[in-house]
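Source file: upload_8.cif (mmCIF, C-alpha atoms and all ligand atoms)
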data_protein
#
loop_
_atom_site.label_atom_id
_atom_site.label_comp_id
_atom_site.auth_asym_id
_atom_site.auth_seq_id
_atom_site.Cartn_x
_atom_site.Cartn_y
_atom_site.Cartn_z
CA MET A 1 59.55 94.74 114.79
CA ALA A 2 56.67 93.03 112.98
CA VAL A 3 54.96 96.38 112.48
CA ARG A 4 58.21 97.87 111.25
CA SER A 5 58.57 95.06 108.69
CA ALA A 6 54.98 95.63 107.55
CA MET A 7 55.58 99.38 107.25
CA HIS A 8 58.73 98.74 105.25
CA GLN A 9 56.83 96.47 102.85
CA ALA A 10 54.07 98.99 102.38
CA GLY A 11 56.66 101.73 101.90
CA ALA A 12 58.60 99.70 99.37
CA ALA A 13 55.43 99.11 97.36
CA ALA A 14 54.64 102.84 97.39
CA LEU A 15 58.21 103.70 96.46
CA THR A 16 58.13 101.28 93.53
CA GLU A 17 55.13 103.22 92.20
CA LEU A 18 56.97 106.52 92.66
CA LEU A 19 59.99 105.16 90.81
CA ARG A 20 58.00 104.24 87.70
CA PHE A 21 59.28 106.91 85.35
CA ALA A 22 56.99 107.93 82.52
CA ALA A 23 58.05 107.33 78.94
CA PRO A 24 59.27 110.55 77.32
CA ALA A 25 56.95 112.46 75.03
CA ALA A 26 57.17 111.55 71.37
CA ASP A 27 59.19 114.65 70.47
CA GLN A 28 61.68 114.14 73.35
CA ARG A 29 62.92 110.68 72.52
CA THR A 30 66.53 111.52 71.76
CA ILE A 31 69.23 112.84 74.09
CA PRO A 32 72.87 113.74 73.42
CA CYS A 33 75.42 110.91 73.59
CA SER A 34 78.96 111.42 74.87
CA CYS A 35 80.24 110.59 71.38
CA GLY A 36 78.62 113.78 70.10
CA ARG A 37 75.72 112.12 68.27
CA GLN A 38 72.20 111.30 69.53
CA ALA A 39 71.02 108.40 71.68
CA HIS A 40 67.49 107.13 71.05
CA TYR A 41 64.79 106.11 73.49
CA HIS A 42 64.16 102.41 73.99
CA PRO A 43 61.34 100.89 76.04
CA GLN A 44 61.43 101.26 79.83
CA ARG A 45 63.82 98.98 81.66
CA SER A 46 63.58 98.12 85.31
CA LYS A 47 66.09 97.05 87.92
CA PRO A 48 65.84 96.12 91.59
CA ILE A 49 67.25 98.55 94.13
CA LEU A 50 67.71 97.91 97.82
CA THR A 51 66.48 100.97 99.69
CA ALA A 52 66.02 101.85 103.37
CA LEU A 53 62.51 100.34 102.96
CA GLY A 54 63.73 97.10 101.39
CA LYS A 55 63.74 95.93 97.78
CA VAL A 56 62.01 98.19 95.27
CA GLU A 57 61.84 98.20 91.50
CA VAL A 58 62.86 101.23 89.50
CA SER A 59 61.52 101.47 85.95
CA ARG A 60 63.08 104.15 83.78
CA PRO A 61 63.72 105.10 80.14
CA TYR A 62 66.77 103.72 78.38
CA TYR A 63 68.62 105.50 75.60
CA LEU A 64 70.93 103.77 73.17
CA CYS A 65 73.29 105.40 70.71
CA PRO A 66 73.11 103.67 67.30
CA ASP A 67 76.59 104.93 66.40
CA CYS A 68 78.80 104.04 69.40
CA HIS A 69 76.36 101.56 71.00
CA SER A 70 76.66 103.03 74.47
CA GLY A 71 73.48 103.13 76.53
CA GLN A 72 72.43 105.48 79.28
CA PHE A 73 69.86 105.84 82.04
CA PRO A 74 69.51 109.57 82.87
CA ALA A 75 67.19 108.69 85.78
CA ASP A 76 69.94 106.62 87.42
CA ILE A 77 72.20 109.66 87.52
CA GLU A 78 69.40 111.78 88.94
CA LEU A 79 68.71 109.18 91.65
CA ASP A 80 72.41 108.45 92.31
CA ILE A 81 71.97 104.75 91.59
CA GLU A 82 74.24 104.47 88.55
CA ASN A 83 75.94 101.06 88.35
CA THR A 84 74.75 100.00 91.77
CA GLU A 85 71.91 97.96 93.25
CA TYR A 86 71.83 100.02 96.45
CA SER A 87 70.13 103.33 97.08
CA PRO A 88 72.26 106.21 98.40
CA GLY A 89 70.57 105.78 101.80
CA VAL A 90 71.58 102.12 101.99
CA ARG A 91 75.09 102.84 100.69
CA ARG A 92 75.49 105.41 103.44
CA MET A 93 74.56 102.75 105.99
CA LEU A 94 76.89 100.16 104.44
CA ALA A 95 79.77 102.64 104.46
CA MET A 96 79.08 103.54 108.07
CA VAL A 97 79.02 99.96 109.37
CA GLY A 98 81.91 98.95 107.10
CA GLN A 99 84.29 101.57 108.48
CA GLU A 100 83.36 100.74 112.04
CA ALA A 101 83.93 96.99 112.28
CA PRO A 102 84.70 93.86 110.24
CA PHE A 103 82.41 93.55 107.21
CA GLU A 104 80.69 90.42 108.55
CA HIS A 105 79.81 92.37 111.69
CA GLY A 106 78.43 95.12 109.46
CA ARG A 107 76.21 92.63 107.64
CA ARG A 108 74.66 91.60 110.97
CA GLN A 109 74.19 95.22 112.05
CA MET A 110 72.34 95.94 108.81
CA LYS A 111 69.92 93.11 109.59
CA LEU A 112 69.46 94.06 113.23
CA LEU A 113 69.30 97.83 112.94
CA ALA A 114 67.78 98.39 109.52
CA ASP A 115 66.07 95.05 108.79
CA LEU A 116 67.99 94.80 105.53
CA GLU A 117 69.50 91.59 104.15
CA VAL A 118 72.87 92.18 102.51
CA THR A 119 75.92 90.02 101.92
CA THR A 120 79.23 90.53 103.70
CA LYS A 121 80.76 91.15 100.27
CA ALA A 122 78.23 93.94 99.64
CA VAL A 123 79.29 95.69 102.85
CA GLU A 124 82.93 95.36 101.84
CA ARG A 125 82.50 96.46 98.22
CA THR A 126 80.23 99.39 99.03
CA ALA A 127 82.28 100.67 101.97
CA GLU A 128 85.45 100.43 99.90
CA ALA A 129 83.86 102.13 96.90
CA ILE A 130 82.63 105.05 99.03
CA GLY A 131 86.00 105.23 100.80
CA ALA A 132 87.83 105.25 97.46
CA ASP A 133 85.54 108.03 96.24
CA ILE A 134 86.27 110.09 99.36
CA ALA A 135 90.00 109.45 98.89
CA ALA A 136 89.79 110.53 95.24
CA GLY A 137 88.10 113.76 96.33
CA GLU A 138 90.92 114.34 98.81
CA GLN A 139 93.50 113.82 96.08
CA GLN A 140 91.82 116.53 94.02
CA GLU A 141 91.97 118.86 97.01
CA ILE A 142 95.62 117.95 97.55
CA GLN A 143 96.39 118.86 93.94
CA ARG A 144 94.74 122.23 94.47
CA ALA A 145 96.68 122.71 97.73
CA VAL A 146 99.96 121.98 95.93
CA GLN A 147 99.07 124.55 93.27
CA LEU A 148 98.24 127.02 96.06
CA ASP A 149 94.73 127.17 94.71
CA LEU A 150 92.86 126.57 97.98
CA PRO A 151 90.31 129.05 99.24
CA ILE A 152 91.42 130.89 102.38
CA VAL A 153 89.69 129.32 105.36
CA VAL A 154 88.18 132.14 107.36
CA GLY A 155 87.47 131.81 111.05
CA GLU A 156 88.60 132.67 114.54
CA PRO A 157 92.34 132.99 115.09
CA VAL A 158 93.88 129.79 116.46
CA PRO A 159 96.18 130.28 119.50
CA ILE A 160 98.25 127.10 119.13
CA LEU A 161 97.92 124.57 116.32
CA TYR A 162 99.62 121.16 116.48
CA VAL A 163 100.49 118.80 113.66
CA LEU A 164 101.52 115.30 114.73
CA MET A 165 102.79 112.48 112.52
CA ASP A 166 103.44 108.80 113.13
CA GLY A 167 103.61 105.47 111.36
CA THR A 168 102.14 102.05 112.18
CA GLY A 169 102.19 98.71 110.36
CA VAL A 170 99.07 97.08 108.93
CA PRO A 171 99.08 93.39 107.94
CA VAL A 172 98.71 93.00 104.18
CA VAL A 173 98.24 90.22 101.65
CA ARG A 174 101.43 88.76 100.23
CA LYS A 175 101.39 90.54 96.88
CA GLU A 176 101.59 93.93 98.62
CA THR A 177 104.98 93.20 100.17
CA GLU A 178 106.75 91.59 97.22
CA GLY A 179 110.36 92.74 97.12
CA ARG A 180 110.09 94.59 100.44
CA ARG A 181 112.42 93.75 103.30
CA GLY A 182 110.95 92.96 106.69
CA LYS A 183 112.02 94.34 110.05
CA ASN A 184 114.37 91.40 110.54
CA GLU A 185 117.17 90.87 108.05
CA GLY A 186 116.37 88.19 105.49
CA GLU A 187 112.69 87.91 106.44
CA PRO A 188 109.99 89.16 104.13
CA ALA A 189 107.79 92.02 105.30
CA HIS A 190 104.18 91.20 106.01
CA THR A 191 103.01 94.64 106.96
CA ARG A 192 102.92 98.00 105.23
CA GLU A 193 103.24 101.27 107.05
CA VAL A 194 100.23 103.52 107.40
CA LYS A 195 101.32 107.10 107.91
CA LEU A 196 98.89 108.85 110.20
CA GLY A 197 98.71 112.51 111.00
CA CYS A 198 96.51 114.54 113.30
CA VAL A 199 95.83 118.19 113.84
CA PHE A 200 94.49 119.71 117.05
CA THR A 201 94.38 123.06 118.79
CA GLN A 202 95.17 124.36 122.25
CA THR A 203 93.85 127.50 123.87
CA LYS A 204 94.44 127.00 127.57
CA TRP A 205 96.68 125.45 130.19
CA ASP A 206 95.87 124.34 133.72
CA VAL A 207 96.90 125.97 137.03
CA LYS A 208 100.19 124.09 136.97
CA GLY A 209 100.91 125.35 133.48
CA TYR A 210 100.26 122.04 131.71
CA PRO A 211 98.63 122.32 128.27
CA ILE A 212 94.95 121.43 127.75
CA ARG A 213 93.89 120.20 124.35
CA ASP A 214 90.75 121.87 122.96
CA LEU A 215 87.85 119.49 123.30
CA ASP A 216 86.91 117.64 120.09
CA SER A 217 89.50 119.60 118.11
CA THR A 218 91.40 116.58 116.76
CA THR A 219 91.12 115.52 113.13
CA TYR A 220 93.02 112.65 111.50
CA THR A 221 94.25 111.82 108.04
CA GLY A 222 96.33 108.90 106.85
CA ALA A 223 97.13 106.30 104.19
CA ILE A 224 99.64 103.72 103.07
CA GLU A 225 101.75 105.97 100.85
CA THR A 226 105.18 107.55 100.46
CA ALA A 227 106.39 110.25 102.83
CA GLU A 228 106.16 112.78 99.96
CA GLU A 229 102.51 111.94 99.29
CA PHE A 230 101.74 111.98 102.99
CA GLY A 231 103.45 115.35 103.41
CA LYS A 232 100.99 116.93 100.99
CA ARG A 233 98.09 115.18 102.71
CA ILE A 234 98.94 116.48 106.18
CA TYR A 235 99.64 119.92 104.73
CA LEU A 236 96.09 120.00 103.37
CA GLU A 237 94.64 118.91 106.71
CA ALA A 238 96.61 121.59 108.58
CA TRP A 239 95.45 124.15 106.03
CA LYS A 240 91.81 123.16 106.53
CA ARG A 241 92.24 123.55 110.27
CA GLY A 242 93.55 127.11 110.06
CA TRP A 243 97.33 126.75 109.79
CA SER A 244 97.54 130.15 108.10
CA ARG A 245 95.88 131.96 111.01
CA ALA A 246 97.55 130.10 113.88
CA ALA A 247 99.52 132.30 116.27
CA LYS A 248 101.81 129.47 117.30
CA LYS A 249 102.53 126.38 115.19
CA VAL A 250 103.98 123.13 116.46
CA VAL A 251 105.01 119.92 114.68
CA MET A 252 105.57 116.83 116.81
CA GLY A 253 106.76 113.31 116.12
CA ASP A 254 109.21 110.64 117.12
CA GLY A 255 112.73 110.47 115.70
CA SER A 256 111.70 109.17 112.25
CA GLU A 257 113.59 111.06 109.61
CA TRP A 258 110.71 111.27 107.12
CA ILE A 259 108.61 113.18 109.65
CA TRP A 260 111.18 115.95 110.00
CA ASN A 261 111.85 116.09 106.27
CA GLN A 262 108.17 116.69 105.63
CA ALA A 263 107.94 119.15 108.54
CA GLN A 264 110.81 121.17 107.05
CA LEU A 265 109.20 121.13 103.63
CA HIS A 266 105.58 121.99 104.50
CA PHE A 267 105.75 123.63 107.93
CA PRO A 268 109.10 125.45 107.97
CA ASP A 269 107.97 128.10 110.48
CA ALA A 270 106.74 125.61 113.11
CA THR A 271 108.35 124.75 116.43
CA GLN A 272 109.56 121.15 116.18
CA ILE A 273 109.26 118.85 119.19
CA VAL A 274 110.38 115.23 119.53
CA ASP A 275 108.15 113.20 121.82
CA LEU A 276 109.77 113.15 125.27
CA TYR A 277 108.69 109.58 125.98
CA HIS A 278 110.22 108.41 122.75
CA GLY A 279 113.56 109.95 123.76
CA SER A 280 113.19 108.33 127.12
CA GLN A 281 112.70 104.94 125.47
CA HIS A 282 115.98 105.43 123.64
CA LEU A 283 117.70 106.01 126.97
CA TRP A 284 116.20 102.84 128.43
CA GLU A 285 117.45 100.81 125.50
CA SER A 286 120.95 102.15 126.04
CA ALA A 287 120.75 101.47 129.78
CA ARG A 288 119.79 97.86 129.16
CA LYS A 289 122.58 97.40 126.62
CA LEU A 290 125.19 99.01 128.88
CA HIS A 291 124.19 97.17 132.05
CA PRO A 292 122.57 93.90 131.03
CA ASN A 293 120.84 92.06 133.87
CA ASP A 294 121.82 94.74 136.36
CA GLU A 295 118.71 96.65 137.28
CA VAL A 296 120.39 98.77 139.96
CA SER A 297 122.99 100.11 137.54
CA GLN A 298 120.36 100.58 134.83
CA ASN A 299 118.24 102.69 137.17
CA ARG A 300 121.20 104.76 138.31
CA TRP A 301 122.26 105.40 134.73
CA ILE A 302 118.70 106.34 133.73
CA MET A 303 118.27 108.72 136.64
CA ILE A 304 121.21 110.83 135.53
CA HIS A 305 120.54 110.71 131.79
CA GLN A 306 116.76 111.11 132.04
CA ALA A 307 117.28 114.30 134.07
CA TRP A 308 119.51 115.71 131.31
CA LEU A 309 116.92 114.82 128.71
CA GLU A 310 114.01 116.37 130.64
CA ASN A 311 116.05 119.48 131.35
CA GLY A 312 116.96 119.87 127.70
CA LYS A 313 120.66 119.45 128.40
CA ILE A 314 121.11 117.44 125.26
CA GLU A 315 124.76 118.46 124.67
CA THR A 316 125.70 117.07 128.10
CA LEU A 317 123.74 113.91 127.35
CA VAL A 318 125.45 113.50 123.97
CA SER A 319 128.98 114.02 125.30
CA SER A 320 128.27 111.57 128.11
CA LEU A 321 127.19 108.96 125.56
CA ARG A 322 130.22 109.69 123.38
CA SER A 323 132.62 109.31 126.32
CA ILE A 324 131.51 105.74 127.00
CA GLU A 325 134.40 103.44 126.24
CA THR A 326 133.79 99.84 125.38
CA SER A 327 135.75 97.08 123.74
CA HIS A 328 132.48 95.56 122.56
CA ALA A 329 132.25 96.71 118.92
CA GLU A 330 128.52 96.17 118.48
CA LEU A 331 127.69 97.96 121.73
CA GLY A 332 129.99 100.83 120.79
CA MET A 333 128.19 101.25 117.49
CA LYS A 334 124.79 101.11 119.19
CA ILE A 335 125.78 103.85 121.65
CA ARG A 336 127.18 106.02 118.84
CA THR A 337 123.88 105.68 116.98
CA GLU A 338 122.04 106.79 120.11
CA ALA A 339 124.37 109.76 120.55
CA ASP A 340 123.72 110.72 116.91
CA TYR A 341 119.98 110.49 117.51
CA PHE A 342 120.07 112.93 120.42
CA GLU A 343 122.53 115.23 118.69
CA LYS A 344 120.45 115.43 115.54
CA ASN A 345 117.27 116.15 117.51
CA ALA A 346 118.79 118.46 120.14
CA GLU A 347 116.81 121.55 119.14
CA ARG A 348 113.63 119.47 119.19
CA MET A 349 114.33 118.44 122.79
CA ARG A 350 114.45 121.78 124.63
CA TYR A 351 111.70 120.60 126.95
CA PRO A 352 112.01 123.30 129.65
CA GLU A 353 111.61 125.93 126.93
CA PHE A 354 108.55 124.14 125.48
CA ARG A 355 107.04 123.79 128.95
CA ARG A 356 107.59 127.48 129.61
CA GLN A 357 105.43 128.13 126.55
CA HIS A 358 102.80 125.67 127.94
CA LEU A 359 103.25 123.32 124.98
CA PHE A 360 102.71 119.59 124.85
CA VAL A 361 105.91 117.51 124.87
CA GLY A 362 104.31 114.08 124.36
CA THR A 363 102.63 112.63 121.28
CA GLY A 364 99.95 110.62 123.08
CA VAL A 365 97.20 111.87 120.76
CA ILE A 366 98.70 110.40 117.62
CA GLU A 367 99.61 107.14 119.35
CA ALA A 368 96.02 106.85 120.55
CA GLY A 369 95.00 107.61 116.97
CA CYS A 370 97.15 104.75 115.67
CA LYS A 371 95.28 102.44 118.03
CA THR A 372 91.73 103.67 117.51
CA MET A 373 91.79 104.81 113.88
CA ILE A 374 93.96 101.99 112.52
CA GLY A 375 94.59 99.22 115.06
CA ALA A 376 90.99 98.71 116.13
CA ARG A 377 89.77 98.33 112.56
CA CYS A 378 92.71 97.06 110.48
CA LYS A 379 94.88 95.03 112.81
CA ARG A 380 92.45 92.42 114.08
CA SER A 381 93.59 88.81 114.04
CA GLY A 382 93.27 87.10 110.68
CA MET A 383 92.99 90.36 108.76
CA PHE A 384 95.09 90.86 105.65
CA TRP A 385 94.51 93.97 103.59
CA THR A 386 95.22 95.10 100.10
CA VAL A 387 96.70 98.59 100.00
CA ARG A 388 93.69 99.74 97.99
CA GLY A 389 91.20 98.30 100.49
CA ALA A 390 93.02 99.57 103.57
CA ASN A 391 93.37 103.07 102.11
CA ALA A 392 89.67 103.19 101.21
CA ILE A 393 88.56 102.15 104.69
CA LEU A 394 91.03 104.56 106.30
CA ALA A 395 89.74 107.44 104.21
CA LEU A 396 86.21 106.54 105.26
CA ARG A 397 87.17 106.17 108.90
CA CYS A 398 88.97 109.51 109.06
CA CYS A 399 86.12 111.22 107.20
CA GLN A 400 83.63 109.83 109.70
CA PHE A 401 85.77 110.66 112.74
CA ASN A 402 86.43 114.19 111.47
CA GLY A 403 82.69 114.82 111.20
CA ARG A 404 82.76 115.18 107.40
CA PHE A 405 80.75 112.09 106.42
CA GLU A 406 77.44 113.96 106.03
CA ASP A 407 79.21 116.70 104.05
CA TYR A 408 80.24 114.03 101.58
CA TRP A 409 76.60 112.95 101.03
CA GLU A 410 75.49 116.55 100.91
CA ALA A 411 78.01 117.17 98.13
CA ARG A 412 76.81 114.06 96.25
CA ARG A 413 73.22 115.29 96.37
CA ALA A 414 74.31 118.64 95.02
ZN ZN A 501 77.30 107.59 70.93
#

Kindly return the structure encoded in the file as structure tokens.
Ligand SMILES: [Zn+2]
Amino acid sequence: MAVRSAMHQAGAAALTELLRFAAPAADQRTIPCSCGRQAHYHPQRSKPILTALGKVEVSRPYYLCPDCHSGQFPADIELDIENTEYSPGVRRMLAMVGQEAPFEHGRRQMKLLADLEVTTKAVERTAEAIGADIAAGEQQEIQRAVQLDLPIVVGEPVPILYVLMDGTGVPVVRKETEGRRGKNEGEPAHTREVKLGCVFTQTKWDVKGYPIRDLDSTTYTGAIETAEEFGKRIYLEAWKRGWSRAAKKVVMGDGSEWIWNQAQLHFPDATQIVDLYHGSQHLWESARKLHPNDEVSQNRWIMIHQAWLENGKIETLVSSLRSIETSHAELGMKIRTEADYFEKNAERMRYPEFRRQHLFVGTGVIEAGCKTMIGARCKRSGMFWTVRGANAILALRCCQFNGRFEDYWEARRA
């Protein structure tokens, strides 16, 4: 470690020398200004930059426009250090640790792993700035996708492509929930919903006919945004993953209406499947309401109804629910709502048919995604996010998970 520190110091000194830009030749002391006139050379100015080797000093020409008074450092653009005190290499590290764990944890990792002293705030600001930049790039791509201006993604044909959608709450600062109703009547909301989507492929099934997800084929995308905005986002992700050349297309989700609206809009030719376990949960809720504190009756009721659900006999299930007579008004309404839920989703619950095609019928992947992509980073105790901050970190986290983080830096260099 001592030798490493010494090497860093020596390296930083050498780098400072390399970053001493020469003054321009006498006949090259003006450059164009954005206002259309000419900016003039002023003496060299230097600023400290934290690099992978530690603090260095960069000394470069400054140009000032006498007309509009805006100044510029062309060298800063060339080095990708415009308006920042951190080199691209250090920013890459800060973004990486910032998406992984709480910012304070990232600060300590920077010290331990890279021997660099930074503040917690620097980890936060840099990670969020990079995340916001990635998100802005995605929005540009989304605009192109909406205008059907995306390049065709060439590649192997995809046997089965899945698109899954889900929502999960993230705790936010008070100003982000103003005027929004909470889950319980009369209580203010203190979370905002992140909409998360994933795309994965399937080529094979096992000897029993159960589907096998292609290894490492899952990519995620998500944000706190409206269903309409999210619909475009997940459409882009599916497009990138080869939606247009998939032989079989599947959209899966729970019963949330927004999911199916977006599925209809962006993936009209896909097979739609409602998560079996989600349907099963609905049955359990009904069982508990119908037979409170009577486990034996609950189990008997579930056995019959669960079998109908798993066998795709949704019409039988619905008419059974509708035939329940009760004088309890609230219970009656609850059961009618459940019957409506199954009726509305009947075609999405033909499980024997889906199994025959070796398709998945559960949405475990997206639920795991909600935990690892969002919960593990954004739902730790004492965390309260701004929408802007959470969206930036989520963009960064998805980019990293999807294996596109280095592409981002490659594109910046270009
Ligand atoms: Zn100017």

Exercise for the section: Using only C-alpha atoms and all ligand atoms, find each protein or nucleic acid residue lying at most 12 Å from ligand ZN 501 (chain A); present the set as a ChimeraX atom specification. Expected result: /A:30-40,63-72

Practice task
In Å, rounded to a single decimal, give me how far CA of Ala12 in chain A is from CA of Ser46 in chain A.
Solution key: 15.0 Å

Problem - Long-range neighbours of range 135-150 of chain A as a PyMOL selection string, 7 Å cut-off, only C-alpha atoms, 6 positions minimum in chain - result: chain A and resi 232-233+236+392+395

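For the residues A:His282, A:Arg192, A:Lys344, A:Arg322, ranking by smallest atom-to-atom distance to Trp260 in chain A using only C-alpha atoms places A:Lys344 first.
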
Problem - Between CA of Pro88 in chain A and CA of Gly106 in chain A - distance in Å to one decimal - result: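 One can read the CA of Gly106 in chain A to CA of Pro88 in chain A distance as 16.8 Å.
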
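With only C-alpha atoms as the atoms that count, the residue of A:Leu283, A:Glu315, A:Ala368, A:Met349 with the shortest distance to Ile335 in chain A is A:Leu283.
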
Practice task
For CA of Tyr210 in chain A and CA of Gln306 in chain A, determine how far apart the two atoms are, in Å to one decimal place.
Solution key: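 According to the coordinates, CA of Tyr210 in chain A and CA of Gln306 in chain A are separated by 19.8 Å.
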
Handout entry: For Ile324 in chain A: contacts at 12 Å, only C-alpha atoms, fewer than 3 positions along chain excluded, given as number ranges by chain
Key = A: 286-287, 290, 317-321, 327-328, 331-336, 338-339

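Distances to Trp239 in chain A were evaluated for A:Ala411, A:Val199, A:Met383, A:Met110 using all atoms listed in the file, and the minimum falls at A:Val199.
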
Problem - Long-range neighbours of Glu78 in chain A as an MDAnalysis selection string, 12 Å cut-off, only C-alpha atoms, 2 positions minimum in chain - result: chainID A and resid 19 21 60 72:76 80:82 87:88 412:414
